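Heads up: the structure comes next, in structure tokens.
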Amino acid sequence: MDEEFNWLEYSESMDAAAQEDEAQSSRRGLRRFLPRLPGLPGLPSLPRLSRPRLPSLPSLFRRGEHASSQPSAADLLGSQQERPLDDLDERLRALRERSVVTSQPTAPPNQALYDVDDILTSPELQSKPGGVISAAALSRAQQQQVQMLREIVGDPEQSQWAGGRRDLPAFSLGAVPRLLGSALLVLVVCLPFASSDYAEGQLPPAEFHEDRHQPTAFYDLLDNVSRDDTILVAFEYGPTAAGELDLLAELLLRHILAQKAKPLIVSSNPIAIVHAQNILRSINRSLAGADAQLLHGEDYYVLRYLPGGALGLRELSQNFADVVRISARGFPTGLEFETLDEMAEIVLIAESAEAVRNWVEQVLSATGGRRLLLATGYAAQPLAQAYADSMTSIVGPVYGIRDAFTYGEKLANNFGGLLSVDAPVEPEGDPEVVQLPVNVVSDSQVEAPRPTESQVDAVPATALPQPTATKPPTATPFMTATPRPPTATPLPTDTPAPTATEASIRVVEVISDQSVNIRRGPTTIDEILGLGYKGDMFEVIGANGDSSWYNILLPGGVRAWIAAFLVEERVVTASEFAGAQASASADAPPERVILQLDFSLRLSKNHPRFYQARPPTSGEGDRPELILSRDRGLEVPRLQAMTLGTLAAILVIVFGNTIYAARGLMRRRDSQGS
Amino acid sequence: MGRGQRYGIALSAFVAFAVGAVMTLSLLLGDNPALFGDQPGSAQLAGLLALPADVLLRLVTIVVALSILIGIANLLYVHVGRLARGKAYSAIVLASFGFTVYWYVMRPGDTSLLEAVQVPIESALAALLCLSLLHGGSRVLGKRADIWGLLFVAVVVLVLLASLPLAELAPIQAWRDWLMRVPVSAGARALLLGIALGTVVTGVRALLGQDRSFRG
Amino acid sequence: MDQTTLQVYTVLFVFATVVLVYTARYFQRRGKRRPQRRLAGMGRIAEWTSRSIEANRPLHLALGRTAVGEDKTAIALAEAEFFHHIIEGAQASDVAPIISASAGSSLPLAQDTLRRVWSSGDHLSRAQWYPPDLAYAAAVTAMMKEDDPAAHILAGSFGAELALMIDSADRRGQGSLAVSDRLDGQAVAYAMADEVLIGEELFAAAGCVSEDGRAQVDALVLDVWRALVIMGVGIALLLEVAKRMPWLNWALVASVSAILLVFALLIYRRH
């Protein structure tokens, strides 16, 4: 290749090519008609005929500042010199004569573009009604050009293209559809926040759907990390996706932190790193005691930013030891890892498909059989799903707000059973809101003084305790992680003993795979009192006129309605019903029927799950309780707003496109008719 | 074109070619110790061959990280120029920049500006983006009144319908899943494949020193 | 496929591309020009260029997140070539085009692209940097009001934020041509832009807007690879189908292939 390619010849050939280009371009336009004579001085006065009459077209003919070897039309015109008429060939001479004849002004000089028609067309065409533009001689593109010329040279106030500022009208009728569509969307999205009457759509289930093994495996893998495991958590989303991914990111971090594992946060997006630090601060804010603060360098690490996109990720995989040594603030972390394989798990929280691709291609492929746990936004989900379907080392994706909600439910349910049940449940204000037995602690948190954020940050990394021996990765075989069995909530002990002659009870059993709404009245606009899950039984006390809704009796004696197509009617004995009720309350997620109840989870420091591996004399017993808490008051209306917003968007899209399609059809019919 | 300029161009093209060739060889040979068999020292040889690529890539990441400074300098230059022409918006940009720098210098490590300003503003922009997308989606057939436009709208509506958490629409979810798994996935791969082909062709052009950047 | 085999294929592929490039250039020098494939929207570029010249309004060329020095360097170079030819066509205008980017490392490339055609003028302020993603879209919409560009050629790496820019351009009566190497951006471009390029058309666009031989050779080589990939995928699909349906015979497979081939040719000629 080297022999063939001579650099000097190459650059010389470039010069030759440039000259050839120049020679070719100088024969464009009218010059094409001229014979190729050496030293031809140029075109005669033909183009100049029109120039003095178009004073308002300065830009078109003004000589530009050009560096290119390819001259522009303005260059050509500017360099014209006079030439005897006799030098012209026949065709050009005829053309010139005709131009001279038709160049007599036919309109007063102050009329805009008075001479364009004269130059462009013959008198025959001009005599046609409508002038030049309507003449069949011009194609549509040409008509547009003429129109543009006309407007530029014409009245600047009416010109569409004229230079300088075109002030758009403050309001035009054309904006009405846009305004209506936007207003509709904003309105419906706000409705669920204003009133629970507009709560539409089922809430995400408390468990991932049984067809979706991958998100369950995701949860189980994170649930099985051990104390002091190090989890690489990649934050690949910026503030734009905060609304979509913050909840999921926070839950994942809480899940890891609650098990005393250490997240190593890393990102190829500098703002994402700062955002991750802020999420950790918000977790810190929710912790109760001053000494409960999570500390950088002890409980978590935020590593330095990885510049260069995919190249940065490549560096992470190739030079992991170097990357982990420096924190985001530029301090040494004291971490001594050699390769990515020492990470217990790798979790990626990604906004875009590109980030997913980069992590799979640059990081996952460089590890020796590590897994990548994917949590993504909606935009990245299709690609993430395709990866997860085709590669066994990719787990997930858990995506979007709905999955985050389910993840939170799972977290609450599984951790909920470990909580102490001594604290009383705050009764709801509305007596008609159903309350099933819940064991969720409404913890009255005491806001103890805690160090300010800057104080927390200011802890010098070098002064922090060095991590104790990092555990070798405990490789859990893929998909073998077993979910923790549902932890038992207090069972009712006063179950009536079956008697010999039992009364039959007419009940409905929920058959829908997803949770179903239990409402105050037999319509979908009635207030949702709670949720029912597959297998739940409720006593039937009636039905509406067309039997499309059952009137049911909830535990606690409250009457409610449930849609008939979601349930199956059966007749059971009283003991069967009581048994079903008991098992339902045993299996039930604690707050699954209580939507309005804010809850907080309290993980006791003495609980064996988290402290069993810790030697009692390690001194870490002084560590405060880690409290997982989330005020979920807004999450439910948010999900319902999403449902309503999607409905409105579908309406607007269908309606708008129907109008445009109809308009297009009518135009086509008109053009065919004419 | 002067002789010096010509030499300069030839030199830059040669450097591009040389660096490209070294990178390609280093990445190909250094990443795969299996190429050198099981003899002792083959891993070291591979490591040695991978070194040039490693060093060059590290250099690139440093340069890319520093390039943000070029961007910031450009932003300031453009807006100072605009301010001189009396554009008021530029004053806001420059004032915000100055305030942020002041804030960070006075309160190092405090990133509350990001949470208090950047996140709400970008979230609001994301909401505006939603309205823009809605408007754009509602006039697809106004822009492209053909069968492909119709297909596009139909798929959009179907995917949106399937995303609704309504039990009545459960059957549509199966269609959506198939749609996403087969045609959408195939189309996405086709697009990525096309871009990969283009990347290789353009990369070869740059590697051979024929890109316009090397032609002066 | 083990790594060694993969590497061998990679080397062969790159080598074949080099051979194709030189072969195409050889035939081109001998005067055998092949008609360029027509891309939708290229005609509008000429219209926007004239609008820019006549009305003294700049063209806006956007690189988006494409960055030199990262894995998208080749895309950035292809865009620079495409933009070069557009700027060349608009050089008679009194106002230099604006090139915007959200990667700092792309700025020198943008300034270089401008400098090649505009020997004088303030290149530093015509190549503009804005922070990435939504901030970039917001800054560009502000620029749309300040500078009132005639049209926007948005060819680069964009996500859904493209919608904000195109929508704003639409409201101001400014034209738009869009293409993105990201799937979400490409979908938005298809739905909203006046003209759209899809996928690898970004790399062939330079050859379509200019008479430059090298750009046309690139487009030609791309066409050859594209045809080979389509044929390869088609054959693999047929073999897969044949494997699953034992009752298929070769005559049927051959006739279906022939029909598909004719269909593909028809589509190719139409575009």
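All residue names refer to the structure tokens as shown: chains lettered A, B, ... in order, residues numbered from 1 in each chain, ligands numbered from 1 in order.
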Q | All strand (DSSP E) residues (DSSP, backbone) inside range 22-197 of chain C, as a PyMOL selection string | A | chain C and resi 59-64+98-101+127-129+151-157+175-180+195-196
Using only C-alpha atoms, what table do you get, as JSON lines, when you list each residue of chain B with an atom no more than 7 Å from chain C, its nearest pair of atoms, and their distance in Å rounded to one decimal, rows by chain then rising number?
{"residue": "B:Leu28", "atom": "CA", "partner": "C:Gln7", "partner_atom": "CA", "distance": 6.6}
{"residue": "B:Leu35", "atom": "CA", "partner": "C:Thr4", "partner_atom": "CA", "distance": 6.9}
{"residue": "B:Val60", "atom": "CA", "partner": "C:Gly69", "partner_atom": "CA", "distance": 6.2}
{"residue": "B:Val64", "atom": "CA", "partner": "C:Ser105", "partner_atom": "CA", "distance": 6.2}
{"residue": "B:Ser67", "atom": "CA", "partner": "C:Gly104", "partner_atom": "CA", "distance": 4.8}
{"residue": "B:Ile68", "atom": "CA", "partner": "C:Gly104", "partner_atom": "CA", "distance": 4.9}
{"residue": "B:Ile70", "atom": "CA", "partner": "C:Gly104", "partner_atom": "CA", "distance": 5.6}
{"residue": "B:Gly71", "atom": "CA", "partner": "C:Gly104", "partner_atom": "CA", "distance": 4.5}
{"residue": "B:Asn74", "atom": "CA", "partner": "C:Trp129", "partner_atom": "CA", "distance": 6.3}
{"residue": "B:Leu75", "atom": "CA", "partner": "C:Trp129", "partner_atom": "CA", "distance": 5.9}
{"residue": "B:Tyr77", "atom": "CA", "partner": "C:Ser125", "partner_atom": "CA", "distance": 7.0}
{"residue": "B:Val78", "atom": "CA", "partner": "C:Ser125", "partner_atom": "CA", "distance": 5.1}
{"residue": "B:Glu122", "atom": "CA", "partner": "C:Leu134", "partner_atom": "CA", "distance": 6.8}
{"residue": "B:Leu125", "atom": "CA", "partner": "C:Leu134", "partner_atom": "CA", "distance": 6.9}
{"residue": "B:Leu129", "atom": "CA", "partner": "C:Leu164", "partner_atom": "CA", "distance": 5.7}
{"residue": "B:Ser132", "atom": "CA", "partner": "C:Leu164", "partner_atom": "CA", "distance": 5.9}
{"residue": "B:Leu133", "atom": "CA", "partner": "C:Ala163", "partner_atom": "CA", "distance": 5.9}
{"residue": "B:Gly136", "atom": "CA", "partner": "C:Met192", "partner_atom": "CA", "distance": 5.4}
{"residue": "B:Gly137", "atom": "CA", "partner": "C:Ala191", "partner_atom": "CA", "distance": 6.6}
{"residue": "B:Val140", "atom": "CA", "partner": "C:Ala191", "partner_atom": "CA", "distance": 5.4}
{"residue": "B:Lys143", "atom": "CA", "partner": "C:Asp194", "partner_atom": "CA", "distance": 6.8}
{"residue": "B:Ala188", "atom": "CA", "partner": "C:Leu183", "partner_atom": "CA", "distance": 6.8}
{"residue": "B:Leu191", "atom": "CA", "partner": "C:Gly199", "partner_atom": "CA", "distance": 5.0}
{"residue": "B:Gly194", "atom": "CA", "partner": "C:Glu200", "partner_atom": "CA", "distance": 4.7}
{"residue": "B:Ile195", "atom": "CA", "partner": "C:Glu200", "partner_atom": "CA", "distance": 4.9}
{"residue": "B:Leu197", "atom": "CA", "partner": "C:Leu222", "partner_atom": "CA", "distance": 6.9}
{"residue": "B:Gly198", "atom": "CA", "partner": "C:Phe203", "partner_atom": "CA", "distance": 5.6}
{"residue": "B:Thr199", "atom": "CA", "partner": "C:Ala74", "partner_atom": "CA", "distance": 5.3}
{"residue": "B:Val201", "atom": "CA", "partner": "C:Asp218", "partner_atom": "CA", "distance": 6.7}
{"residue": "B:Thr202", "atom": "CA", "partner": "C:Ala74", "partner_atom": "CA", "distance": 5.6}
{"residue": "B:Gly203", "atom": "CA", "partner": "C:Ala74", "partner_atom": "CA", "distance": 5.6}
{"residue": "B:Val204", "atom": "CA", "partner": "C:Val18", "partner_atom": "CA", "distance": 6.6}
Determine which residues of chain C sit within 7 Å of chain A, taking into account only C-alpha atoms, and present them as an mmCIF file with C-alpha atoms, in the first residue's frame.
data_model
loop_
_atom_site.group_PDB
_atom_site.id
_atom_site.type_symbol
_atom_site.label_atom_id
_atom_site.label_comp_id
_atom_site.auth_asym_id
_atom_site.auth_seq_id
_atom_site.Cartn_x
_atom_site.Cartn_y
_atom_site.Cartn_z
ATOM 1 C CA ILE C 53 -28.318 33.241 -0.584
ATOM 2 C CA GLU C 54 -31.226 35.366 -1.666
ATOM 3 C CA ALA C 55 -32.494 36.310 1.745
ATOM 4 C CA ASN C 56 -29.180 36.613 3.546
ATOM 5 C CA ARG C 57 -30.234 34.089 6.111
ATOM 6 C CA GLU C 70 -14.826 8.994 20.374
ATOM 7 C CA ASP C 71 -16.400 6.011 18.714
ATOM 8 C CA GLN C 91 -20.987 30.421 -0.458
ATOM 9 C CA ALA C 92 -22.546 33.176 -2.523
ATOM 10 C CA SER C 93 -24.517 34.204 0.541
ATOM 11 C CA ASP C 94 -23.345 37.124 2.596
ATOM 12 C CA ARG C 116 -12.291 25.715 3.871
ATOM 13 C CA VAL C 117 -15.052 27.585 2.073
ATOM 14 C CA TRP C 118 -15.221 30.948 3.811
ATOM 15 C CA SER C 119 -11.791 32.521 3.747
ATOM 16 C CA SER C 120 -12.849 35.496 5.784
ATOM 17 C CA ASP C 148 -33.377 33.157 11.801
#
Q: Within 8 Å of chain A, which residues of chain B are there when counting only C-alpha atoms? Please give them as a VMD selection string.
A: chain B and resid 1 6 to 7 9 to 10 13 to 14 57 to 58 60 to 62 64 to 65 109 to 112 114 to 115 118 to 119 122 to 123 125 to 126 131 134 to 135 137 to 142 145 153 157 160 to 161 164 to 167 180 to 181 185 215
Q | Residues within 8 Å of range 86-101 of chain B, only C-alpha atoms, excluding chain neighbours under 5 positions, as a PyMOL selection string | A | chain B and resi 76+79-80+113
(Q) At a cut-off of 10 Å, using only C-alpha atoms, what residues contact range 235-240 of chain C? Leave out same-chain residues fewer than 5 positions from it and give the result as a list of chain:residue names. (A)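 Skipping anything fewer than 5 positions along the chain leaves C:Val229, C:Ile230, C:Met245, C:Val253, C:Ala254, C:Val256, C:Ser257.
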For the residues in the current selection, export N, CA and C atoms as a short mmCIF file (atom, residue, chain, number, x, y, z; two decimals), in the first residue's frame.
data_model
loop_
_atom_site.label_atom_id
_atom_site.label_comp_id
_atom_site.auth_asym_id
_atom_site.auth_seq_id
_atom_site.Cartn_x
_atom_site.Cartn_y
_atom_site.Cartn_z
N VAL C 229 -24.77 -7.07 1.78
CA VAL C 229 -25.38 -7.40 3.08
C VAL C 229 -26.83 -7.82 2.88
N ILE C 230 -27.55 -7.08 2.03
CA ILE C 230 -28.96 -7.43 1.80
C ILE C 230 -29.05 -8.83 1.20
N MET C 245 -39.00 -25.79 6.90
CA MET C 245 -40.10 -26.33 6.10
C MET C 245 -39.54 -27.36 5.14
N VAL C 253 -37.74 -22.24 -3.76
CA VAL C 253 -36.83 -21.28 -3.14
C VAL C 253 -36.23 -20.36 -4.19
N ALA C 254 -35.84 -20.96 -5.32
CA ALA C 254 -35.22 -20.16 -6.38
C ALA C 254 -36.20 -19.15 -6.94
N VAL C 256 -38.86 -17.87 -5.44
CA VAL C 256 -39.11 -16.82 -4.44
C VAL C 256 -37.93 -15.85 -4.39
N SER C 257 -36.71 -16.41 -4.48
CA SER C 257 -35.53 -15.55 -4.47
C SER C 257 -35.54 -14.60 -5.66
#
